[in-house]
>>> print(open('work_28.csv').read())   # CSV, C-alpha atoms
chain,number,residue,atom,x,y,z
W,1,MET,CA,-8.7,-18.4,21.9
W,2,THR,CA,-6.4,-18.5,19.0
W,3,LYS,CA,-4.5,-15.3,18.4
W,4,MET,CA,-3.0,-14.2,15.1
W,5,LYS,CA,0.4,-15.8,14.4
W,6,GLU,CA,3.3,-13.4,14.3
W,7,LEU,CA,4.9,-12.5,11.0
W,8,ASN,CA,8.6,-13.0,10.2
W,9,ILE,CA,9.9,-10.7,7.5
W,10,GLY,CA,13.7,-11.3,7.1
W,11,GLY,CA,14.1,-11.8,10.8
W,12,LEU,CA,11.9,-8.9,11.8
W,13,ILE,CA,9.2,-10.3,14.0
W,14,ILE,CA,5.9,-8.5,13.6
W,15,PRO,CA,3.6,-9.4,16.5
W,16,VAL,CA,0.4,-8.8,14.6
W,17,PRO,CA,0.6,-9.9,10.9
W,18,VAL,CA,-1.0,-6.7,9.6
W,19,ILE,CA,0.8,-4.3,7.3
W,20,GLN,CA,-0.9,-0.9,7.0
W,21,GLY,CA,-1.0,0.0,3.3
W,22,GLY,CA,1.1,2.9,2.1
W,23,MET,CA,-1.5,5.5,0.9
W,24,GLY,CA,-0.6,8.7,-0.9
W,25,VAL,CA,-0.6,11.6,-1.3
W,26,GLY,CA,-0.2,12.2,2.4
W,27,ILE,CA,-2.8,9.8,3.7
W,28,SER,CA,-0.3,7.6,5.5
W,29,LEU,CA,2.6,9.6,7.0
W,30,SER,CA,4.3,9.5,10.4
W,31,GLY,CA,1.1,9.9,12.4
W,32,LEU,CA,-0.6,6.7,11.1
W,33,ALA,CA,2.5,4.7,10.5
W,34,SER,CA,3.8,5.2,14.1
W,35,ALA,CA,0.4,4.4,15.6
W,36,VAL,CA,0.1,1.1,13.7
W,37,ALA,CA,3.7,0.2,14.6
W,38,ASN,CA,3.0,0.9,18.3
W,39,GLU,CA,0.2,-1.7,18.1
W,40,GLY,CA,2.4,-4.5,16.8
W,41,GLY,CA,1.7,-4.1,13.0
W,42,VAL,CA,3.9,-2.6,10.3
W,43,GLY,CA,3.3,1.1,9.9
W,44,VAL,CA,4.0,2.4,6.4
W,45,ILE,CA,4.8,5.9,5.1
W,46,SER,CA,3.8,6.6,1.5
W,47,ALA,CA,6.6,8.4,-0.4
W,48,ALA,CA,4.3,9.6,-3.1
W,49,GLY,CA,3.9,13.3,-3.5
W,50,LEU,CA,5.8,14.4,-0.4
W,51,GLY,CA,7.3,17.3,-2.4
W,52,MET,CA,3.8,18.8,-2.6
W,53,LEU,CA,3.6,18.8,1.2
W,54,TYR,CA,7.1,19.9,2.1
W,55,LYS,CA,7.6,23.3,0.3
W,56,GLU,CA,9.0,25.5,3.0
W,57,THR,CA,12.6,25.5,2.0
W,58,SER,CA,12.6,25.1,-1.8
W,59,ASN,CA,10.6,25.3,-5.0
W,60,ASP,CA,12.3,22.1,-6.2
W,61,TYR,CA,9.6,19.3,-6.0
W,62,LEU,CA,12.1,16.4,-6.2
W,63,ALA,CA,14.4,17.9,-3.5
W,64,ASN,CA,11.4,18.6,-1.3
W,65,SER,CA,10.3,15.0,-1.7
W,66,ILE,CA,13.6,13.7,-0.3
W,67,SER,CA,13.6,16.2,2.6
W,68,GLY,CA,10.0,15.3,3.4
W,69,LEU,CA,10.7,11.6,3.4
W,70,ARG,CA,13.6,12.1,5.8
W,71,GLN,CA,11.5,14.1,8.1
W,72,GLU,CA,8.6,11.6,8.0
W,73,ILE,CA,10.9,8.7,8.8
W,74,GLN,CA,12.5,10.6,11.6
W,75,LYS,CA,9.2,11.7,13.1
W,76,SER,CA,7.9,8.1,13.0
W,77,ARG,CA,11.0,6.9,14.7
W,78,ALA,CA,10.6,9.5,17.4
W,79,LYS,CA,7.0,8.2,18.1
W,80,SER,CA,7.5,4.5,17.8
W,81,LYS,CA,10.0,1.7,18.4
W,82,GLY,CA,7.9,-0.7,16.3
W,83,ILE,CA,8.4,-1.9,12.7
W,84,LEU,CA,8.2,0.9,10.1
W,85,GLY,CA,8.2,0.7,6.3
W,86,VAL,CA,8.1,3.1,3.3
W,87,ASN,CA,6.0,2.4,0.2
W,88,ILE,CA,7.8,3.7,-3.0
W,89,MET,CA,6.1,3.3,-6.3
W,90,VAL,CA,8.4,2.2,-9.1
W,91,ALA,CA,6.7,4.7,-11.4
W,92,LEU,CA,7.9,7.7,-9.4
W,93,THR,CA,10.5,9.8,-11.3
W,94,ASN,CA,12.8,10.1,-8.3
W,95,TYR,CA,12.4,6.4,-7.3
W,96,ASP,CA,16.2,5.9,-7.0
W,97,ASP,CA,16.7,8.8,-4.6
W,98,LEU,CA,13.6,7.8,-2.5
W,99,VAL,CA,15.0,4.3,-2.1
W,100,ARG,CA,18.5,5.5,-1.2
W,101,THR,CA,17.1,8.0,1.3
W,102,SER,CA,15.0,5.3,3.0
W,103,ILE,CA,18.0,3.0,3.4
W,104,GLU,CA,20.1,5.9,4.7
W,105,GLU,CA,17.5,6.6,7.3
W,106,GLY,CA,17.5,3.0,8.4
W,107,ILE,CA,13.9,2.2,7.5
W,108,ASP,CA,13.0,-1.4,8.4
W,109,ILE,CA,11.1,-2.3,5.2
W,110,ILE,CA,10.8,-0.9,1.7
W,111,ILE,CA,7.6,-1.9,-0.1
W,112,SER,CA,7.6,-1.3,-3.8
W,113,GLY,CA,4.9,-1.7,-6.5
W,114,ALA,CA,3.1,0.2,-9.3
W,115,GLY,CA,5.5,-1.4,-11.7
W,116,LEU,CA,8.0,-4.2,-11.2
W,117,PRO,CA,10.9,-3.3,-8.9
W,118,LEU,CA,13.4,-5.5,-10.8
W,119,ASP,CA,16.5,-3.7,-9.6
W,120,LEU,CA,15.5,-2.9,-6.0
W,121,PRO,CA,18.4,-4.9,-4.3
W,122,LYS,CA,21.1,-2.9,-6.1
W,123,TYR,CA,20.5,0.0,-3.7
W,124,LEU,CA,21.3,-2.0,-0.6
W,125,THR,CA,24.6,-1.1,1.2
W,126,PRO,CA,26.8,-3.6,3.0
W,127,ASP,CA,25.8,-2.5,6.5
W,128,CYS,CA,22.1,-1.8,6.0
W,129,LYS,CA,19.4,-4.0,7.5
W,130,THR,CA,16.4,-2.8,5.3
W,131,ARG,CA,14.2,-5.6,4.1
W,132,LEU,CA,12.8,-5.5,0.6
W,133,VAL,CA,9.2,-6.4,-0.2
W,134,PRO,CA,7.9,-6.2,-3.8
W,135,ILE,CA,4.1,-5.9,-4.6
W,136,VAL,CA,2.9,-8.2,-7.4
W,137,SER,CA,-0.5,-9.1,-9.0
W,138,SER,CA,0.4,-12.6,-10.3
W,139,ALA,CA,2.5,-15.7,-9.7
W,140,ARG,CA,4.3,-14.9,-12.9
W,141,ALA,CA,5.4,-11.5,-11.7
W,142,ALA,CA,6.5,-13.0,-8.3
W,143,ALA,CA,8.6,-15.6,-10.1
W,144,LEU,CA,10.1,-13.0,-12.4
W,145,ILE,CA,11.2,-10.8,-9.6
W,146,CYS,CA,12.6,-13.6,-7.5
W,147,ASN,CA,14.6,-15.0,-10.4
W,148,LYS,CA,15.9,-11.6,-11.5
W,149,TRP,CA,16.9,-10.6,-8.0
W,150,LEU,CA,18.6,-14.0,-7.5
W,151,ALA,CA,20.5,-13.9,-10.8
W,152,ASN,CA,21.6,-10.3,-10.7
W,153,TYR,CA,22.0,-9.6,-7.0
W,154,ASN,CA,22.1,-13.0,-5.2
W,155,TYR,CA,19.1,-11.7,-3.2
W,156,LEU,CA,15.6,-12.9,-2.7
W,157,PRO,CA,12.6,-10.8,-1.4
W,158,ASP,CA,12.1,-10.8,2.3
W,159,ALA,CA,8.4,-11.1,1.7
W,160,VAL,CA,6.1,-10.7,-1.3
W,161,ILE,CA,2.8,-8.8,-1.2
W,162,VAL,CA,0.2,-10.0,-3.7
W,163,GLU,CA,-2.4,-7.4,-4.3
W,164,GLY,CA,-5.8,-8.4,-5.7
W,165,PRO,CA,-8.2,-6.4,-7.8
W,166,LYS,CA,-10.3,-5.2,-4.9
W,167,ALA,CA,-7.6,-2.8,-3.6
W,168,GLY,CA,-7.8,0.9,-3.6
W,169,GLY,CA,-5.6,3.1,-5.8
W,170,HIS,CA,-3.6,1.7,-8.7
W,171,LEU,CA,-4.3,-1.8,-9.8
W,172,GLY,CA,-2.0,-4.2,-11.7
W,173,PHE,CA,-4.8,-5.6,-13.8
W,174,LYS,CA,-6.5,-4.9,-17.1
W,175,ILE,CA,-10.0,-3.5,-16.9
W,176,ASP,CA,-11.6,-6.7,-17.9
W,177,GLN,CA,-9.7,-8.7,-15.2
W,178,ILE,CA,-10.8,-6.5,-12.3
W,179,PHE,CA,-14.2,-8.2,-11.9
W,180,ASP,CA,-13.1,-11.6,-13.2
W,181,GLU,CA,-13.1,-14.3,-10.5
W,182,ASN,CA,-10.1,-15.9,-12.1
W,183,PHE,CA,-8.1,-12.9,-10.8
W,184,ALA,CA,-9.6,-12.8,-7.4
W,185,ILE,CA,-7.2,-12.6,-4.4
W,186,GLU,CA,-8.6,-16.0,-3.2
W,187,LYS,CA,-7.3,-17.5,-6.5
W,188,LEU,CA,-4.0,-15.5,-6.6
W,189,ILE,CA,-2.8,-16.4,-3.1
W,190,PRO,CA,-2.4,-20.2,-3.6
W,191,GLU,CA,-0.7,-19.6,-7.0
W,192,VAL,CA,1.8,-17.1,-5.6
W,193,VAL,CA,2.4,-19.1,-2.5
W,194,ALA,CA,3.2,-22.2,-4.6
W,195,VAL,CA,5.7,-20.3,-6.8
W,196,VAL,CA,7.4,-18.4,-4.0
W,197,ASN,CA,7.6,-21.4,-1.7
W,198,GLU,CA,9.3,-23.4,-4.4
W,199,ILE,CA,12.0,-20.8,-5.0
W,200,ALA,CA,12.4,-20.2,-1.2
W,201,LEU,CA,12.9,-23.9,-0.6
W,202,LEU,CA,15.5,-24.3,-3.3
W,203,ASN,CA,17.5,-21.4,-1.7
W,204,GLY,CA,17.0,-22.1,2.0
W,205,LYS,CA,15.1,-18.9,2.7
W,206,ASN,CA,11.7,-18.1,4.2
W,207,ILE,CA,9.6,-15.8,2.0
W,208,PRO,CA,6.2,-15.1,3.5
W,209,VAL,CA,3.4,-14.1,1.2
W,210,ILE,CA,1.2,-11.1,2.3
W,211,ALA,CA,-2.3,-10.7,0.8
W,212,ALA,CA,-3.8,-7.3,0.0
W,213,GLY,CA,-6.9,-5.9,-1.6
W,214,GLY,CA,-10.4,-6.0,-0.2
W,215,ILE,CA,-9.4,-7.4,3.2
W,216,TYR,CA,-11.6,-5.6,5.7
W,217,SER,CA,-12.3,-7.7,8.8
W,218,GLY,CA,-10.7,-10.2,11.2
W,219,SER,CA,-12.8,-12.9,9.5
W,220,ASP,CA,-11.3,-11.9,6.2
W,221,ILE,CA,-7.9,-12.4,7.7
W,222,VAL,CA,-8.7,-15.9,8.9
W,223,LYS,CA,-9.9,-16.9,5.4
W,224,ILE,CA,-6.9,-15.4,3.7
W,225,LEU,CA,-4.4,-17.1,6.1
W,226,LYS,CA,-6.1,-20.5,5.5
W,227,LEU,CA,-5.2,-20.1,1.8
W,228,GLY,CA,-1.5,-20.0,2.6
W,229,ALA,CA,-0.8,-16.3,3.2
W,230,SER,CA,1.3,-15.4,6.3
W,231,GLY,CA,-0.2,-11.9,6.8
W,232,VAL,CA,-2.3,-9.2,5.2
W,233,GLN,CA,-1.9,-5.6,4.0
W,234,MET,CA,-4.9,-3.3,4.8
W,235,GLY,CA,-5.4,0.3,3.7
W,236,THR,CA,-9.0,1.4,3.6
W,237,ARG,CA,-9.8,0.4,7.2
W,238,PHE,CA,-6.9,2.6,8.5
W,239,VAL,CA,-8.1,5.8,6.8
W,240,THR,CA,-11.0,6.1,9.2
W,241,THR,CA,-8.8,6.3,12.2
W,242,ASP,CA,-8.0,9.2,14.4
W,243,GLU,CA,-4.3,9.0,13.6
W,244,CYS,CA,-4.6,8.8,9.8
W,245,ASP,CA,-2.8,11.9,8.4
W,246,ALA,CA,-5.6,12.9,6.0
W,247,SER,CA,-8.0,15.7,6.7
W,248,GLN,CA,-11.4,15.1,8.4
W,249,GLU,CA,-13.1,16.0,5.1
W,250,PHE,CA,-11.1,13.1,3.4
W,251,LYS,CA,-12.1,10.7,6.1
W,252,GLN,CA,-15.7,11.9,5.8
W,253,ALA,CA,-15.7,11.0,2.1
W,254,TYR,CA,-15.0,7.4,3.2
W,255,LEU,CA,-17.8,7.4,5.7
W,256,ASP,CA,-20.2,8.9,3.2
W,257,ALA,CA,-19.3,6.6,0.3
W,258,LYS,CA,-22.0,4.2,-0.8
W,259,LYS,CA,-21.4,0.9,-2.7
W,260,GLU,CA,-22.4,2.5,-6.0
W,261,ASP,CA,-19.9,5.5,-5.4
W,262,VAL,CA,-16.9,3.2,-5.8
W,263,LYS,CA,-15.7,3.3,-9.4
W,264,ILE,CA,-12.8,2.2,-11.6
W,265,ILE,CA,-11.0,5.1,-13.2
W,266,LYS,CA,-8.3,5.6,-15.8
W,267,SER,CA,-5.2,7.1,-14.1
W,268,PRO,CA,-2.6,9.2,-15.8
W,269,VAL,CA,-0.1,6.7,-14.4
W,270,GLY,CA,-1.3,4.4,-17.1
W,271,MET,CA,-3.1,1.9,-14.8
W,272,PRO,CA,-6.7,1.5,-13.8
W,273,GLY,CA,-7.5,2.6,-10.3
W,274,ARG,CA,-10.3,2.4,-7.7
W,275,ALA,CA,-11.7,5.6,-6.3
W,276,ILE,CA,-14.7,7.3,-4.8
W,277,LYS,CA,-16.9,9.2,-7.1
W,278,SER,CA,-16.4,13.0,-6.8
W,279,PRO,CA,-17.4,16.2,-8.7
W,280,PHE,CA,-13.8,16.3,-10.1
W,281,LEU,CA,-14.1,12.8,-11.5
W,282,ASP,CA,-17.5,13.7,-13.0
W,283,GLU,CA,-15.7,16.5,-14.9
W,284,VAL,CA,-12.9,14.2,-16.0
W,285,GLU,CA,-15.4,11.8,-17.4
W,286,ALA,CA,-17.1,14.6,-19.2
W,287,GLY,CA,-13.8,15.6,-20.8
W,288,LYS,CA,-13.7,19.0,-19.0
W,289,ARG,CA,-10.3,18.4,-17.4
W,290,GLN,CA,-7.0,18.6,-19.2
W,291,PRO,CA,-3.7,19.6,-17.7
W,292,LYS,CA,-2.0,22.5,-19.5
W,293,THR,CA,1.5,21.9,-18.0
W,294,CYS,CA,3.3,19.3,-16.0
W,295,PRO,CA,4.2,21.2,-12.8
W,296,VAL,CA,6.5,18.6,-11.1
W,297,ASN,CA,7.2,15.7,-13.4
W,298,CYS,CA,6.4,13.2,-10.6
W,299,ILE,CA,5.5,10.1,-12.6
W,300,ARG,CA,7.6,8.5,-15.4
W,301,THR,CA,4.6,7.0,-17.2
W,302,CYS,CA,2.5,10.1,-17.2
W,303,ASP,CA,2.4,12.0,-20.6
W,304,ILE,CA,1.1,15.5,-20.4
W,305,ASN,CA,-0.2,15.3,-24.0
W,306,THR,CA,-2.6,12.4,-23.1
W,307,ALA,CA,-3.1,12.7,-19.4
W,308,PRO,CA,-6.8,13.5,-18.4
W,309,TYR,CA,-5.5,15.5,-15.4
W,310,CYS,CA,-2.5,16.0,-13.1
W,311,ILE,CA,-2.7,13.2,-10.6
W,312,ILE,CA,-0.3,14.7,-8.0
W,313,ALA,CA,-2.4,17.9,-7.9
W,314,SER,CA,-5.7,16.1,-7.7
W,315,LEU,CA,-4.6,13.8,-4.9
W,316,THR,CA,-3.1,16.7,-2.9
W,317,SER,CA,-6.4,18.6,-3.2
W,318,ALA,CA,-8.3,15.5,-2.0
W,319,LEU,CA,-5.9,15.1,1.0
W,320,ARG,CA,-7.1,18.6,2.0
W,321,GLY,CA,-10.7,17.8,1.5
W,322,ASN,CA,-11.3,19.6,-1.8
W,323,PHE,CA,-13.2,17.1,-4.0
W,324,ARG,CA,-14.0,19.7,-6.7
W,325,ARG,CA,-10.3,19.6,-7.6
W,326,GLY,CA,-9.5,16.0,-6.6
W,327,TYR,CA,-10.7,12.5,-5.6
W,328,ALA,CA,-9.9,9.8,-3.0
W,329,PHE,CA,-8.6,6.4,-3.8
W,330,ALA,CA,-10.3,3.6,-1.8
W,331,GLY,CA,-10.7,-0.1,-1.7
W,332,SER,CA,-13.9,-2.0,-2.7
W,333,ASN,CA,-15.1,-2.2,0.9
W,334,VAL,CA,-15.0,1.6,1.7
W,335,TRP,CA,-18.8,1.7,1.8
W,336,ARG,CA,-18.6,-0.5,5.0
W,337,THR,CA,-16.8,2.2,7.0
W,338,ASN,CA,-19.1,3.9,9.5
W,339,LYS,CA,-17.0,5.7,12.2
W,340,ILE,CA,-13.6,7.1,13.0
W,341,ILE,CA,-11.8,5.3,15.8
W,342,PRO,CA,-8.3,5.1,17.3
W,343,VAL,CA,-5.8,2.8,15.6
W,344,LYS,CA,-5.5,0.9,18.9
W,345,GLU,CA,-9.3,0.2,18.9
W,346,LEU,CA,-9.1,-0.9,15.3
W,347,MET,CA,-6.2,-3.4,15.9
W,348,ASN,CA,-8.1,-4.8,18.9
W,349,THR,CA,-11.3,-5.1,16.9
W,350,LEU,CA,-9.4,-7.0,14.2
W,351,GLN,CA,-8.0,-9.4,16.8
W,352,GLN,CA,-11.4,-9.9,18.3
W,353,GLU,CA,-13.0,-10.5,15.0
W,354,TYR,CA,-10.2,-12.9,14.1
W,355,GLN,CA,-10.6,-14.9,17.3
W,356,ALA,CA,-14.4,-15.1,17.1
W,357,TYR,CA,-14.4,-16.3,13.5
W,358,GLN,CA,-11.5,-18.8,14.2
W,359,SER,CA,-13.4,-20.2,17.1
W,360,LYS,CA,-16.6,-20.5,15.1
W,361,THR,CA,-14.8,-22.4,12.3
W,362,GLU,CA,-13.1,-24.7,14.8
W,363,LEU,CA,-16.4,-25.6,16.3
W,364,VAL,CA,-17.9,-26.3,12.9
W,365,SER,CA,-14.9,-28.5,11.9
W,366,CYS,CA,-15.3,-30.5,15.2
>>> encode(input="work_28.csv", output="structure tokens")
Amino acid sequence: MTKMKELNIGGLIIPVPVIQGGMGVGISLSGLASAVANEGGVGVISAAGLGMLYKETSNDYLANSISGLRQEIQKSRAKSKGILGVNIMVALTNYDDLVRTSIEEGIDIIISGAGLPLDLPKYLTPDCKTRLVPIVSSARAAALICNKWLANYNYLPDAVIVEGPKAGGHLGFKIDQIFDENFAIEKLIPEVVAVVNEIALLNGKNIPVIAAGGIYSGSDIVKILKLGASGVQMGTRFVTTDECDASQEFKQAYLDAKKEDVKIIKSPVGMPGRAIKSPFLDEVEAGKRQPKTCPVNCIRTCDINTAPYCIIASLTSALRGNFRRGYAFAGSNVWRTNKIIPVKELMNTLQQEYQAYQSKTELVSC
């Protein structure tokens, strides 16, 4: 039976071409990341909101974020010798410090989206081996990043993640594009692959394209790879694992979610997002929530005067299972989750589903 082909990101060989999505606040930390890395995928720590979780030494949110990131990377390294990454949103106020800290700690991969990481290569030091992977939502954005990095830093991405509109969390699309088939991941992948391959060929570099958003099963992986992608990023499926760093109440919200509970919301970050309906979101929709102060200044694009709520506070509440004060981001297929299993079992299931579907399609083509 045909196994998944390994993924090569800047010389890093990933046995299973699955990147676990970086989910904040606190959903994917060292527990989940190390477990995924141990099973041959890329385990990813989310840098978002760590200052809310690491408060023991200081009242300074930004300083705590850096301390927390160092500790999470070090904890992951202690638990795994596999490939580890950090997801850092461009919109974060302390983006620069988080990137520098990740490089200092020797992280294997930095994944960066929620904005265009046009200057990410400038943080690289001469002796570092960290690979850089931007997240885009269009071929145009992929070309822009590649050309900017090449012109300004003589550097090209080690891989590109293209995230479609079925993803959980913040989406790089306008509201009217989210359900438009012209922006579906199946359409985006060939477009991004064509642009990235052209640039890569001209410069003698291999730049794999990773697909994200709405990918749930091994059969989904087969279909996506046939479109030209070299791997996938998956978030939602990893939440309902034993090793996920979220509370049991957070995981239960995934298990309880019905198809009609998944909704598109307006985020204070300035982007639409996909989340699970909650009492808190009902109050936001009714105009009953309005932040009075900005406690930590975590997002550059968040304006306290127009924000419907404090996103960092609401996501931290959800992490702990309090959905009267927060909500859970989730992908479009969250309603399909039905049990909590170990990461090892999930990775094996994805392999089995992949092989079964691949065999089926090979029989049909014969």
>>> closest_residue(input="work_28.csv", among="W:Asn8, W:Asn64, W:Gln20, W:Ser58", to="Phe238 in chain W", atoms="only C-alpha atoms")
W:Gln20
>>> closest_residue(input="work_28.csv", among="W:Leu120, W:Leu171, W:Ile103, W:Leu84", to="Asn152 in chain W", atoms="all atoms listed in the file")
W:Leu120
>>> closest_residue(input="work_28.csv", among="W:Lys55, W:Arg325, W:Arg336, W:Lys266", to="Ala313 in chain W", atoms="all atoms listed in the file")
W:Arg325
>>> closest_residue(input="work_28.csv", among="W:Ala328, W:Ile9, W:Val99, W:Ile83", to="Ala159 in chain W", atoms="all atoms listed in the file")
W:Ile9
>>> residues_around(input="work_28.csv", residues="Lys5 in chain W", least_positions_apart="3", cutoff="10 Å", atoms="all atoms listed in the file", output="list in words")
Thr2, Asn8, Ile14, Pro15, Val16, Pro17, Leu225, Ser230 and Gly231 of chain W
>>> closest_residue(input="work_28.csv", among="W:Trp149, W:Phe250, W:Phe179, W:Phe173", to="Ile199 in chain W", atoms="all atoms listed in the file")
W:Trp149
>>> residues_around(input="work_28.csv", residues="Asn322 in chain W", least_positions_apart="4", cutoff="12 Å", atoms="only C-alpha atoms", output="MDAnalysis selection string")
chainID W and resid 246:253 278:280 313:318 326:328
>>> residues_around(input="work_28.csv", residues="Lys148 in chain W", least_positions_apart="3", cutoff="12 Å", atoms="only C-alpha atoms", output="mmCIF file with C-alpha atoms, in the coordinates of the input")
data_model
loop_
_atom_site.group_PDB
_atom_site.id
_atom_site.type_symbol
_atom_site.label_atom_id
_atom_site.label_comp_id
_atom_site.auth_asym_id
_atom_site.auth_seq_id
_atom_site.Cartn_x
_atom_site.Cartn_y
_atom_site.Cartn_z
ATOM 1 C CA LEU W 116 8.000 -4.200 -11.200
ATOM 2 C CA PRO W 117 10.900 -3.300 -8.900
ATOM 3 C CA LEU W 118 13.400 -5.500 -10.800
ATOM 4 C CA ASP W 119 16.500 -3.700 -9.600
ATOM 5 C CA LEU W 120 15.500 -2.900 -6.000
ATOM 6 C CA PRO W 121 18.400 -4.900 -4.300
ATOM 7 C CA LYS W 122 21.100 -2.900 -6.100
ATOM 8 C CA ALA W 141 5.400 -11.500 -11.700
ATOM 9 C CA ALA W 142 6.500 -13.000 -8.300
ATOM 10 C CA ALA W 143 8.600 -15.600 -10.100
ATOM 11 C CA LEU W 144 10.100 -13.000 -12.400
ATOM 12 C CA ILE W 145 11.200 -10.800 -9.600
ATOM 13 C CA ALA W 151 20.500 -13.900 -10.800
ATOM 14 C CA ASN W 152 21.600 -10.300 -10.700
ATOM 15 C CA TYR W 153 22.000 -9.600 -7.000
ATOM 16 C CA ASN W 154 22.100 -13.000 -5.200
ATOM 17 C CA TYR W 155 19.100 -11.700 -3.200
ATOM 18 C CA LEU W 156 15.600 -12.900 -2.700
ATOM 19 C CA PRO W 157 12.600 -10.800 -1.400
ATOM 20 C CA ILE W 199 12.000 -20.800 -5.000
#
>>> closest_residue(input="work_28.csv", among="W:Gln358, W:Gly113, W:Pro342, W:Ala229", to="Asp242 in chain W", atoms="all atoms listed in the file")
W:Pro342
>>> atom_distance(input="work_28.csv", atom1="CA of Glu243 in chain W", atom2="CA of Ala63 in chain W")
26.9 Å
>>> atom_distance(input="work_28.csv", atom1="CA of Ser28 in chain W", atom2="CA of Arg70 in chain W")
14.6 Å
>>> atom_distance(input="work_28.csv", atom1="CA of Gln177 in chain W", atom2="CA of Ile265 in chain W")
14.0 Å
>>> residues_around(input="work_28.csv", residues="Asn338 in chain W", least_positions_apart="6", cutoff="10 Å", atoms="only C-alpha atoms", output="list in words")
Thr240, Gln252, Tyr254, Leu255, Asp256 and Ala257 of chain W
>>> write_last_selection(input="work_28.csv", atoms="C-alpha atoms", output="mmCIF file, keeping the file's coordinate frame")
data_model
loop_
_atom_site.group_PDB
_atom_site.id
_atom_site.type_symbol
_atom_site.label_atom_id
_atom_site.label_comp_id
_atom_site.auth_asym_id
_atom_site.auth_seq_id
_atom_site.Cartn_x
_atom_site.Cartn_y
_atom_site.Cartn_z
ATOM 1 C CA THR W 240 -11.000 6.100 9.200
ATOM 2 C CA GLN W 252 -15.700 11.900 5.800
ATOM 3 C CA TYR W 254 -15.000 7.400 3.200
ATOM 4 C CA LEU W 255 -17.800 7.400 5.700
ATOM 5 C CA ASP W 256 -20.200 8.900 3.200
ATOM 6 C CA ALA W 257 -19.300 6.600 0.300
#
>>> residues_near_point(input="work_28.csv", point="(-8.7, -2.1, -7.8)", cutoff="10 Å", atoms="all atoms listed in the file", output="MDAnalysis selection string")
chainID W and resid 163:175 177:179 213:214 262:265 271:275 329:332
>>> write_last_selection(input="work_28.csv", atoms="C-alpha atoms", output="PDB file, keeping the file's coordinate frame")
ATOM      1  CA  GLU W 163      -2.400  -7.400  -4.300  1.00  0.00           C
ATOM      2  CA  GLY W 164      -5.800  -8.400  -5.700  1.00  0.00           C
ATOM      3  CA  PRO W 165      -8.200  -6.400  -7.800  1.00  0.00           C
ATOM      4  CA  LYS W 166     -10.300  -5.200  -4.900  1.00  0.00           C
ATOM      5  CA  ALA W 167      -7.600  -2.800  -3.600  1.00  0.00           C
ATOM      6  CA  GLY W 168      -7.800   0.900  -3.600  1.00  0.00           C
ATOM      7  CA  GLY W 169      -5.600   3.100  -5.800  1.00  0.00           C
ATOM      8  CA  HIS W 170      -3.600   1.700  -8.700  1.00  0.00           C
ATOM      9  CA  LEU W 171      -4.300  -1.800  -9.800  1.00  0.00           C
ATOM     10  CA  GLY W 172      -2.000  -4.200 -11.700  1.00  0.00           C
ATOM     11  CA  PHE W 173      -4.800  -5.600 -13.800  1.00  0.00           C
ATOM     12  CA  LYS W 174      -6.500  -4.900 -17.100  1.00  0.00           C
ATOM     13  CA  ILE W 175     -10.000  -3.500 -16.900  1.00  0.00           C
ATOM     14  CA  GLN W 177      -9.700  -8.700 -15.200  1.00  0.00           C
ATOM     15  CA  ILE W 178     -10.800  -6.500 -12.300  1.00  0.00           C
ATOM     16  CA  PHE W 179     -14.200  -8.200 -11.900  1.00  0.00           C
ATOM     17  CA  GLY W 213      -6.900  -5.900  -1.600  1.00  0.00           C
ATOM     18  CA  GLY W 214     -10.400  -6.000  -0.200  1.00  0.00           C
ATOM     19  CA  VAL W 262     -16.900   3.200  -5.800  1.00  0.00           C
ATOM     20  CA  LYS W 263     -15.700   3.300  -9.400  1.00  0.00           C
ATOM     21  CA  ILE W 264     -12.800   2.200 -11.600  1.00  0.00           C
ATOM     22  CA  ILE W 265     -11.000   5.100 -13.200  1.00  0.00           C
ATOM     23  CA  MET W 271      -3.100   1.900 -14.800  1.00  0.00           C
ATOM     24  CA  PRO W 272      -6.700   1.500 -13.800  1.00  0.00           C
ATOM     25  CA  GLY W 273      -7.500   2.600 -10.300  1.00  0.00           C
ATOM     26  CA  ARG W 274     -10.300   2.400  -7.700  1.00  0.00           C
ATOM     27  CA  ALA W 275     -11.700   5.600  -6.300  1.00  0.00           C
ATOM     28  CA  PHE W 329      -8.600   6.400  -3.800  1.00  0.00           C
ATOM     29  CA  ALA W 330     -10.300   3.600  -1.800  1.00  0.00           C
ATOM     30  CA  GLY W 331     -10.700  -0.100  -1.700  1.00  0.00           C
ATOM     31  CA  SER W 332     -13.900  -2.000  -2.700  1.00  0.00           C
TER      32      SER W 332
END
>>> residues_around(input="work_28.csv", residues="Glu198 in chain W", least_positions_apart="2", cutoff="12 Å", atoms="all atoms listed in the file", output="PyMOL selection string")
chain W and resi 139+142-143+146-147+191-196+200-208
>>> build_atoms(input="work_28.csv", residues="range 70-74 of chain W", atoms="N, CA and C atoms", output="mmCIF file, in the frame of the given file")
data_model
loop_
_atom_site.group_PDB
_atom_site.id
_atom_site.type_symbol
_atom_site.label_atom_id
_atom_site.label_comp_id
_atom_site.auth_asym_id
_atom_site.auth_seq_id
_atom_site.Cartn_x
_atom_site.Cartn_y
_atom_site.Cartn_z
ATOM 1 N N ARG W 70 12.734 12.128 4.602
ATOM 2 C CA ARG W 70 13.600 12.100 5.800
ATOM 3 C C ARG W 70 12.888 12.487 7.041
ATOM 4 N N GLN W 71 12.171 13.593 6.933
ATOM 5 C CA GLN W 71 11.500 14.100 8.100
ATOM 6 C C GLN W 71 10.371 13.151 8.578
ATOM 7 N N GLU W 72 9.645 12.561 7.644
ATOM 8 C CA GLU W 72 8.600 11.600 8.000
ATOM 9 C C GLU W 72 9.133 10.383 8.704
ATOM 10 N N ILE W 73 10.227 9.859 8.175
ATOM 11 C CA ILE W 73 10.900 8.700 8.800
ATOM 12 C C ILE W 73 11.342 9.033 10.200
ATOM 13 N N GLN W 74 11.994 10.177 10.320
ATOM 14 C CA GLN W 74 12.500 10.600 11.600
ATOM 15 C C GLN W 74 11.404 10.847 12.630
#
